[in-house]
Structures are given as C-alpha cells and as structure tokens.
Amino acid sequence: MNTIKKLLVLSLFVTYLSASSLQSNIKNFVGAHKYNVNKYLILNIFKDKKSFYKHGRLNYVKIFDTLKNNGLFNVNYKSVKDVNIAIYSNAKTVKTIKSIKDVLLNLGYSYYFTKNIKKEENKLFWEIYFKSESLLDPLAFIKELNKLNIRVNNVKRVTSTKWEYKIDVNYANISNSIKIEKDEIKKLRKPHRDYILEVNRANTLYVTSNRLNQWYPSIAFYDKGFNLIKLDEKSSIKKKVVMNIPHGTKFISISDTYNLINIKRGITVTVK
C-alpha cells in the first residue's frame, strides 16, 4: 500500500472514530430510548461531524445547544429528585472547589450537600447532591466553567439523575476577583460573597470600613494556586485595618468573621 493510500485509510479511520465518539456521547446524553426513536433526526442534525469538535475535542457547548434547540434534551423531571453531580479535577487545590462553588452560585445553586470528596496526589473528586425538579443544566454549567477558563474534558450521564464532569483547571481564573494596582483606591459596594482582590507584588494592605458598618475583619492571603498562606480574624469591631501582605500573595479575601451583613455598606481598599 503506497503512502497516499495509507493516509487516505488513516483519514477515514479517524473520521469514523470521531463520528462514533460523537454519536455515542449523544446517545449517552439523551438516553438510549430517545436516541433510537430520533436516530435519523440526530444523524441529520449532526451530519457535519467536524463542526462539533474544537481543538480535537468534543465541543460540548455546541452539542448541548444543538440538542436543546431541536427539542432533544430536557432538564426537567416529573417530580422532585435527588440530583448528583460528580466532578473529577486534575488539581486538588482550594482554588478548584472555590471555582466550582462560584459557578454553582452563579447558576442559582446555593443549597447542596457534599456526598463524597477525595484528594489524591494532584487530583480531586467531589460529589454533591441536591433535591430538585430539574437537572443541573449541562449547557449552562459548561458555559460558566468556560468563563473561568476551566476546560471540560469529558461529560457523562451515569443515570438520569447523576452526571459526571472531568475538568482541567490548570488555566482557571478566580471568579469575581478584583484586580488592584499599587496606590489604587477601590471603593467596593455591598458584598454578595467575600471580596477577592488580585494583587501583584504588593507589600501593604489598607482597608477602611464604612462608618456605619459593624465590621469584624476576616482577611485571608492566598498564593496563585489559591492555597492559604495566612488567615487573620478579629473578634472586635474595626473601622480600619493595615496589614503586611505575605510574600507570594496573589489573592486576598476580605470578609467578616461572623456575617457579611456587617459590611453591607461597603469598604475602601488600597495596596502599596
């Protein structure tokens, strides 16, 4: 077999594998029964196989968007169910858990429970569950992950109420972080979650609380992987705090020791 024929056979084989992978994933997402009933429609909708790949990997956003737009994917149940979401991450840092929590909060999920969590070497497994009449929408979830530059390597429907996600957080950003430069003054409004400052080689932190607040400072310093360097919490009300920023700090979390409502009128921050 000459070189041209070998390349042609290889190309056809790769195309076959791509089509097979795409269809097997779609069948998994919608369920075997719905797939078999709508097989010819699905094959037609997804006939341009290459367009459902991005950088050699399945483009899950486009796949789920196409399924939903054609009435082939429904996130609603007929009654309240125990919904399970299992997340496999390639990093076990606090940054991973914080990022996922922020994504869930952005999607309106503030009440859920940890069913299982394991940290092994550089990997994290975290399974949560909640009661709902609808599944955590994979399309919305993946879009929010992508906003933080979290890559989704694999999605799997285990059952109608349990889904698995394998993610890559190596390039992830911190959600809702506020970049602040040296000598810059930031006036921050009422917080809905902890303030997260992103700093660059700053030495000193200055925080002034609004005069009507009752602030019990809770300030944490993290490195670029969002690993805790130092935590300082006060049990008395403060109007102003000046603190040295530990070496290696990339993120600073500013909160209240007891309740964010104590700083509902905002704070003013400067780093030097």
# chains A, B, ... in the order shown; residues from 1 in each chain; ligands from 1
>>> residues_around(residues="Asn76 in chain A", least_positions_apart="6", cutoff="12 Å", atoms="only C-alpha atoms", output="ChimeraX atom specification")
/A:83,132-137,160-161
>>> write_last_selection(atoms="N, CA and C atoms", output="PDB file, in the first residue's frame")
ATOM      1  N   VAL A  83     -30.579  14.853  42.891  1.00  0.00           N
ATOM      2  CA  VAL A  83     -29.674  15.055  41.757  1.00  0.00           C
ATOM      3  C   VAL A  83     -28.232  14.996  42.236  1.00  0.00           C
ATOM      4  N   SER A 132     -34.226  18.546  43.552  1.00  0.00           N
ATOM      5  CA  SER A 132     -34.707  19.496  42.550  1.00  0.00           C
ATOM      6  C   SER A 132     -35.660  18.809  41.574  1.00  0.00           C
ATOM      7  N   GLU A 133     -36.448  19.625  40.901  1.00  0.00           N
ATOM      8  CA  GLU A 133     -37.318  19.125  39.835  1.00  0.00           C
ATOM      9  C   GLU A 133     -36.622  19.211  38.483  1.00  0.00           C
ATOM     10  N   SER A 134     -35.340  19.598  38.505  1.00  0.00           N
ATOM     11  CA  SER A 134     -34.605  19.690  37.242  1.00  0.00           C
ATOM     12  C   SER A 134     -33.130  19.359  37.452  1.00  0.00           C
ATOM     13  N   LEU A 135     -32.539  18.871  36.412  1.00  0.00           N
ATOM     14  CA  LEU A 135     -31.110  18.576  36.389  1.00  0.00           C
ATOM     15  C   LEU A 135     -30.314  19.869  36.333  1.00  0.00           C
ATOM     16  N   LEU A 136     -29.101  19.855  36.869  1.00  0.00           N
ATOM     17  CA  LEU A 136     -28.179  20.961  36.639  1.00  0.00           C
ATOM     18  C   LEU A 136     -27.905  21.000  35.136  1.00  0.00           C
ATOM     19  N   ASP A 137     -28.350  22.042  34.473  1.00  0.00           N
ATOM     20  CA  ASP A 137     -28.268  22.137  33.012  1.00  0.00           C
ATOM     21  C   ASP A 137     -26.813  22.041  32.546  1.00  0.00           C
ATOM     22  N   SER A 160     -30.215   9.192  34.894  1.00  0.00           N
ATOM     23  CA  SER A 160     -30.961  10.409  34.612  1.00  0.00           C
ATOM     24  C   SER A 160     -30.766  11.470  35.698  1.00  0.00           C
ATOM     25  N   THR A 161     -30.332  11.039  36.879  1.00  0.00           N
ATOM     26  CA  THR A 161     -30.156  11.981  37.989  1.00  0.00           C
ATOM     27  C   THR A 161     -28.698  12.117  38.440  1.00  0.00           C
TER      28      THR A 161
END
>>> closest_atom_pairs(of="range 100-180 of chain A", to="range 192-197 of chain A", cutoff="6 Å", atoms="only C-alpha atoms", output="tab-separated table")
residue	atom	partner	partner_atom	distance
A:Ser177	CA	A:Ile196	CA	4.8
A:Ile178	CA	A:Leu197	CA	4.7
A:Lys179	CA	A:Leu197	CA	5.9
>>> residues_around(residues="Asn173 in chain A", least_positions_apart="6", cutoff="8 Å", atoms="only C-alpha atoms", output="VMD selection string")
chain A and resid 148 to 150
>>> write_last_selection(atoms="C-alpha atoms", output="compact mmCIF listing (two decimals), in the first residue's frame")
# COMPACT_ATOMS: atom_id res chain seq x y z
CA LEU A 148 -13.35 30.90 34.23
CA ASN A 149 -11.17 29.23 31.60
CA ILE A 150 -11.92 25.80 33.08
>>> closest_residue(among="A:Asn213, A:Asn106, A:Asn200, A:Asn154", to="Leu260 in chain A", atoms="only C-alpha atoms")
A:Asn213
>>> select_by_dssp(residues="range 67-243 of chain A", states="helix (DSSP H, G or I)", output="JSON, numbers by chain")
{"A": [67, 68, 69, 94, 95, 96, 97, 98, 99, 100, 101, 102, 103, 104, 105, 106, 138, 139, 140, 141, 142, 143, 144, 145, 146, 147]}
>>> residues_around(residues="Ile45 in chain A", least_positions_apart="6", cutoff="9 Å", atoms="only C-alpha atoms", output="ChimeraX atom specification")
/A:66-67,70
>>> closest_residue(among="A:Leu231, A:Ile85, A:Val80, A:Ile42", to="Val158 in chain A", atoms="only C-alpha atoms")
A:Ile85
>>> select_by_dssp(residues="range 57-237 of chain A", states="strand (DSSP E or B)", output="PyMOL selection string")
chain A and resi 57-58+76-89+113-120+123-134+151-159+162-168+177-179+185-188+195-198+204-209+217-222+228-233
>>> residues_around(residues="Lys240 in chain A", least_positions_apart="4", cutoff="9 Å", atoms="only C-alpha atoms", output="PyMOL selection string")
chain A and resi 206-209
>>> write_last_selection(atoms="N, CA and C atoms", output="PDB file, in the first residue's frame")
ATOM      1  N   TYR A 206      -4.421  48.203  53.007  1.00  0.00           N
ATOM      2  CA  TYR A 206      -5.159  49.186  53.796  1.00  0.00           C
ATOM      3  C   TYR A 206      -6.653  48.997  53.513  1.00  0.00           C
ATOM      4  N   VAL A 207      -7.429  48.767  54.559  1.00  0.00           N
ATOM      5  CA  VAL A 207      -8.875  48.600  54.396  1.00  0.00           C
ATOM      6  C   VAL A 207      -9.601  49.525  55.368  1.00  0.00           C
ATOM      7  N   THR A 208     -10.519  50.319  54.824  1.00  0.00           N
ATOM      8  CA  THR A 208     -11.338  51.198  55.650  1.00  0.00           C
ATOM      9  C   THR A 208     -12.799  50.791  55.491  1.00  0.00           C
ATOM     10  N   SER A 209     -13.456  50.542  56.610  1.00  0.00           N
ATOM     11  CA  SER A 209     -14.858  50.152  56.589  1.00  0.00           C
ATOM     12  C   SER A 209     -15.749  51.396  56.626  1.00  0.00           C
TER      13      SER A 209
END
>>> atom_distance(atom1="CA of Val199 in chain A", atom2="CA of Lys250 in chain A")
5.4 Å
>>> closest_residue(among="A:Phe125, A:Tyr35, A:Trp215, A:Tyr53", to="Ser21 in chain A", atoms="only C-alpha atoms")
A:Tyr53
>>> atom_distance(atom1="CA of Gly31 in chain A", atom2="CA of Gly108 in chain A")
26.3 Å
>>> atom_distance(atom1="CA of Leu124 in chain A", atom2="CA of Asn90 in chain A")
6.5 Å
>>> closest_residue(among="A:Ser99, A:Asn116, A:Ser236, A:Asn259", to="Phe141 in chain A", atoms="only C-alpha atoms")
A:Ser99
>>> residues_around(residues="Phe130 in chain A", least_positions_apart="4", cutoff="8 Å", atoms="only C-alpha atoms", output="ChimeraX atom specification")
/A:82-84,111-113
>>> write_last_selection(atoms="C-alpha atoms", output="mmCIF file, in the first residue's frame")
data_model
loop_
_atom_site.group_PDB
_atom_site.id
_atom_site.type_symbol
_atom_site.label_atom_id
_atom_site.label_comp_id
_atom_site.auth_asym_id
_atom_site.auth_seq_id
_atom_site.Cartn_x
_atom_site.Cartn_y
_atom_site.Cartn_z
ATOM 1 C CA ASP A 82 -32.077 13.625 44.343
ATOM 2 C CA VAL A 83 -29.674 15.055 41.757
ATOM 3 C CA ASN A 84 -25.997 14.043 41.924
ATOM 4 C CA TYR A 111 -28.122 24.807 48.822
ATOM 5 C CA TYR A 112 -26.413 21.491 48.122
ATOM 6 C CA PHE A 113 -24.577 18.861 50.116
#
>>> residues_around(residues="Arg265 in chain A", least_positions_apart="6", cutoff="8 Å", atoms="only C-alpha atoms", output="tab-separated table (two decimals) with C-alpha atoms, in the first residue's frame")
chain	number	residue	atom	x	y	z
A	189	ARG	CA	-20.06	48.08	47.34
A	190	LYS	CA	-22.20	45.73	49.41
A	210	ASN	CA	-17.85	52.45	56.02
A	212	LEU	CA	-22.00	52.73	59.60
A	213	ASN	CA	-20.66	49.16	59.34
